[in-house]
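In what follows, a single structure is set out as structure tokens and then discussed.
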2 protein chains.
Amino acid sequence: MIVLDFRDKRPLNEQVAEKIMNLIAQGALAPGERLPSVRNLAVDLSVNPNTVQRAYAALEEKGYITTITGRGNYVSEESNWKDSLYGEVLSELKETVKRVMAAGVEREEAMKCVREVYERD
Amino acid sequence: MIVLDFRDKRPLNEQVAEKIMNLIAQGALAPGERLPSVRNLAVDLSVNPNTVQRAYAALEEKGYITTITGRGNYVSEESNWKDSLYGEVLSELKETVKRVMAAGVEREEAMKCVREVYERD
DNA sequence: ACAAGTGTATTAAATGTCTTAATACACTAA
DNA sequence: TTAGTGTATTAAGACATTTAATACACTTGT
């Protein structure tokens with residue numbers, strides 16, 4: 001389901017959260033679906049349960065999942081996270097474009113890059 | 001010349017390197033121009049000389065500056081870094097746009113975002 | 001009621017990176 | 001010669017991350 005990069009500089013808990021978030025955003029994990037338990041996923045990924053716990057806590061904080069004590073973690077309805085996801089990725093896009101612009105790339109070239117990625121459907 | 005964010009999670013040496021890189025990319029620091037000495041910049045930024053040293057080492061590694069022992073650090077010719085910088089930022093832009101697209105953002109909205117950032121000159 | 005599985009919380013220790021500090025050395029320029 | 005330069009090393013501290021070992025409350029199925 002998920003593969004972590006232990007050489008990556010980024011914290012493991014963030015990697016776990018982001019990968020699950022992507023699966024949810026793409027619909028690979030449908031709303032209502034149950035996620036692996038903290039302990040099970042920890043074993044699967046070869047990390048400590050605390051690490052998975054932090055990832056799940058972050059996902060709940062952002063509205064991607066709903067936690068029910070004693071039962072498990074479940075993917076939330078799209079309405080709970082779609083708006084914040086939009087805001088997040090658009091904000092990230094702005095930051096990236098700022099860097100692109102600072103690097104001296106012309107507007108047209110940046111636009112062309114965006115168009116090309118969208119072409120590939 | 002440069003202001004660091006001491007609350008930022010990113011290492012200070014990386015922040016220094018990136019900010020100088022941006023100044024070079026924008027032409028605020030012209031090729032051949034001399035950069036502040038390791039010790040002087042360290043005092044200006046209120047960091048340790050070792051931190052500036054690491055930033056300069058990284059910049060030389062990437063071809064942005066040329067170091068001459070006993071003399072100082074000088075901005076390299078554009079031909080030494082322009083291509084790799086372009087490739088780097090455009091590659092980063094592609095990755096970001098992929099995430100934006102995966103999140104369900106329409107092409108026009110992404111394009112509008114890029115346009116808006118470029119408008120702010 | 002019981003057992004197993006769940007999320008949650010806490011504390012301690014280990015680890016690794018970043019940063020500072022204090023030096024020291026070789027080189028360059030005036 | 002002197003001051004300023006880049007470079008290198010070692011030690012120490014701060015900090016975040018991760019692991020480990022528990023413990024507790026809740027839910028489910030028997």
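Ligands are numbered from 1 in the order shown, residues from 1 within each chain, and chains are lettered A, B, ... in the order they appear in the structure tokens.
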
Residues of chain B no more than 7 Å from chain D, counting only C-alpha atoms (C1' of nucleotides): send them over as a list in words.
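Listed by rising number, the hits are Thr69, Gly70, Arg71 and Gly72 of chain B.
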
Write out the residues from the selection above, keeping C-alpha atoms, as a CSV table (one decimal), in the first residue's frame.
chain,number,residue,atom,x,y,z
B,69,THR,CA,41.1,31.1,-1.2
B,70,GLY,CA,42.5,34.2,0.4
B,71,ARG,CA,40.5,36.5,-1.9
B,72,GLY,CA,36.8,35.8,-1.6

Expressed to one decimal, the C-alpha RMSD of chain A after its least-squares fit on chain B over all C-alpha atoms in order is 1.2 Å

Can you check which parts of chain C lie within 8 Å of chain A? Per residue, the shortest pair of atoms and distance in Å to one decimal, counting only C-alpha atoms (C1' of nucleotides), sorted by chain and number, as CSV.
residue,atom,partner,partner_atom,distance
C:DG5,C1',A:Gly70,CA,7.8
C:DT6,C1',A:Gly70,CA,3.9
C:DG7,C1',A:Thr69,CA,4.6

Find the residues of chain B that sit at most 7 Å from chain A; for each, write down the nearest two atoms and how far apart they are in Å, to one decimal. Count only C-alpha atoms. Sort by chain, then by number going up, and give it as a tab-separated table.
residue	atom	partner	partner_atom	distance
B:Asn22	CA	A:Ala102	CA	6.0
B:Ala25	CA	A:Ala103	CA	5.1
B:Gln26	CA	A:Ala102	CA	6.1
B:Leu85	CA	A:Ala103	CA	7.0
B:Val89	CA	A:Val100	CA	5.5
B:Leu90	CA	A:Val100	CA	7.0
B:Leu93	CA	A:Thr96	CA	6.2
B:Lys94	CA	A:Val117	CA	6.7
B:Thr96	CA	A:Leu93	CA	6.2
B:Val97	CA	A:Val114	CA	6.4
B:Lys98	CA	A:Val117	CA	6.8
B:Val100	CA	A:Val89	CA	5.5
B:Ala102	CA	A:Gln26	CA	6.3
B:Ala103	CA	A:Ala25	CA	5.9
B:Val105	CA	A:Tyr86	CA	6.9
B:Arg107	CA	A:Tyr118	CA	6.6
B:Met111	CA	A:Met111	CA	6.6
B:Cys113	CA	A:Lys94	CA	6.7
B:Val114	CA	A:Val97	CA	6.4
B:Val117	CA	A:Lys94	CA	6.6
B:Tyr118	CA	A:Arg107	CA	6.6

Those of region 58-109 of chain B in DSSP alpha helix (DSSP H), formatted as a PyMOL selection string:
chain B and resi 58-61+82-102+107-109

Residues just named, written with C-alpha atoms as an mmCIF file, in the first residue's frame:
data_model
loop_
_atom_site.group_PDB
_atom_site.id
_atom_site.type_symbol
_atom_site.label_atom_id
_atom_site.label_comp_id
_atom_site.auth_asym_id
_atom_site.auth_seq_id
_atom_site.Cartn_x
_atom_site.Cartn_y
_atom_site.Cartn_z
ATOM 1 C CA ALA B 58 26.870 24.515 -1.537
ATOM 2 C CA LEU B 59 26.682 27.464 -3.903
ATOM 3 C CA GLU B 60 30.091 26.659 -5.341
ATOM 4 C CA GLU B 61 29.123 22.997 -5.671
ATOM 5 C CA LYS B 82 21.492 28.994 -15.870
ATOM 6 C CA ASP B 83 20.718 25.674 -17.543
ATOM 7 C CA SER B 84 20.779 23.607 -14.370
ATOM 8 C CA LEU B 85 18.692 26.213 -12.550
ATOM 9 C CA TYR B 86 16.083 26.244 -15.308
ATOM 10 C CA GLY B 87 15.894 22.473 -15.299
ATOM 11 C CA GLU B 88 15.606 22.399 -11.550
ATOM 12 C CA VAL B 89 12.776 24.878 -11.155
ATOM 13 C CA LEU B 90 10.813 23.659 -14.175
ATOM 14 C CA SER B 91 11.054 20.097 -12.899
ATOM 15 C CA GLU B 92 9.808 21.264 -9.530
ATOM 16 C CA LEU B 93 6.978 23.127 -11.222
ATOM 17 C CA LYS B 94 5.914 19.996 -13.070
ATOM 18 C CA GLU B 95 5.791 17.974 -9.866
ATOM 19 C CA THR B 96 3.716 20.629 -8.165
ATOM 20 C CA VAL B 97 1.287 20.897 -11.063
ATOM 21 C CA LYS B 98 0.854 17.129 -10.988
ATOM 22 C CA ARG B 99 -0.207 17.365 -7.357
ATOM 23 C CA VAL B 100 -2.479 20.290 -8.143
ATOM 24 C CA MET B 101 -4.098 18.298 -10.931
ATOM 25 C CA ALA B 102 -4.410 15.194 -8.742
ATOM 26 C CA ARG B 107 -6.505 23.770 -15.637
ATOM 27 C CA GLU B 108 -7.871 27.280 -15.912
ATOM 28 C CA GLU B 109 -7.655 27.809 -12.195
#

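Counting from CA of Ser76 (chain A), the distance to CA of Ala30 (chain A) is 8.4 Å.
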
Please return, as a compact mmCIF listing (two decimals) with N, CA and C atoms, in the first residue's frame, all residues of chain B that DSSP assigns to strand (DSSP E) on the basis of the backbone.
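Below is the file that was written, selection17.txt:
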# COMPACT_ATOMS: atom_id res chain seq x y z
N ILE B 65 28.77 30.23 -7.63
CA ILE B 65 29.88 31.11 -7.25
C ILE B 65 31.21 30.38 -7.43
N THR B 66 32.27 31.17 -7.48
CA THR B 66 33.61 30.61 -7.56
C THR B 66 34.40 31.11 -6.36
N THR B 67 35.04 30.19 -5.70
CA THR B 67 35.77 30.55 -4.49
C THR B 67 37.27 30.64 -4.77
N ILE B 68 37.88 31.70 -4.31
CA ILE B 68 39.33 31.84 -4.42
C ILE B 68 39.88 32.06 -3.02
N GLY B 72 38.25 35.63 -1.84
CA GLY B 72 36.81 35.77 -1.58
C GLY B 72 35.98 34.91 -2.51
N ASN B 73 34.68 35.14 -2.48
CA ASN B 73 33.74 34.39 -3.32
C ASN B 73 33.14 35.31 -4.37
N TYR B 74 33.09 34.85 -5.61
CA TYR B 74 32.64 35.69 -6.70
C TYR B 74 31.53 35.00 -7.49
N VAL B 75 30.56 35.78 -7.92
CA VAL B 75 29.45 35.25 -8.70
C VAL B 75 29.97 34.72 -10.04

For Arg10 (chain A), work out the shell of residues within 12 Å, counting only C-alpha atoms (C1' of nucleotides) and skipping chain neighbours fewer than 4 positions away, then give it as a list in words.
Leu4, Asp5, Phe6, Glu14, Gln15, Val16, Ala17 and Glu18 of chain A; Lys9 and Arg10 of chain B; DT17 of chain C; DA16 and DT17 of chain D

The distance between CA of Pro36 (chain B) and C1' of DA21 (chain C) is 21.5 Å

Students should find that CA of Gly32 (chain B) and CA of Tyr64 (chain B) are spaced 10.8 Å
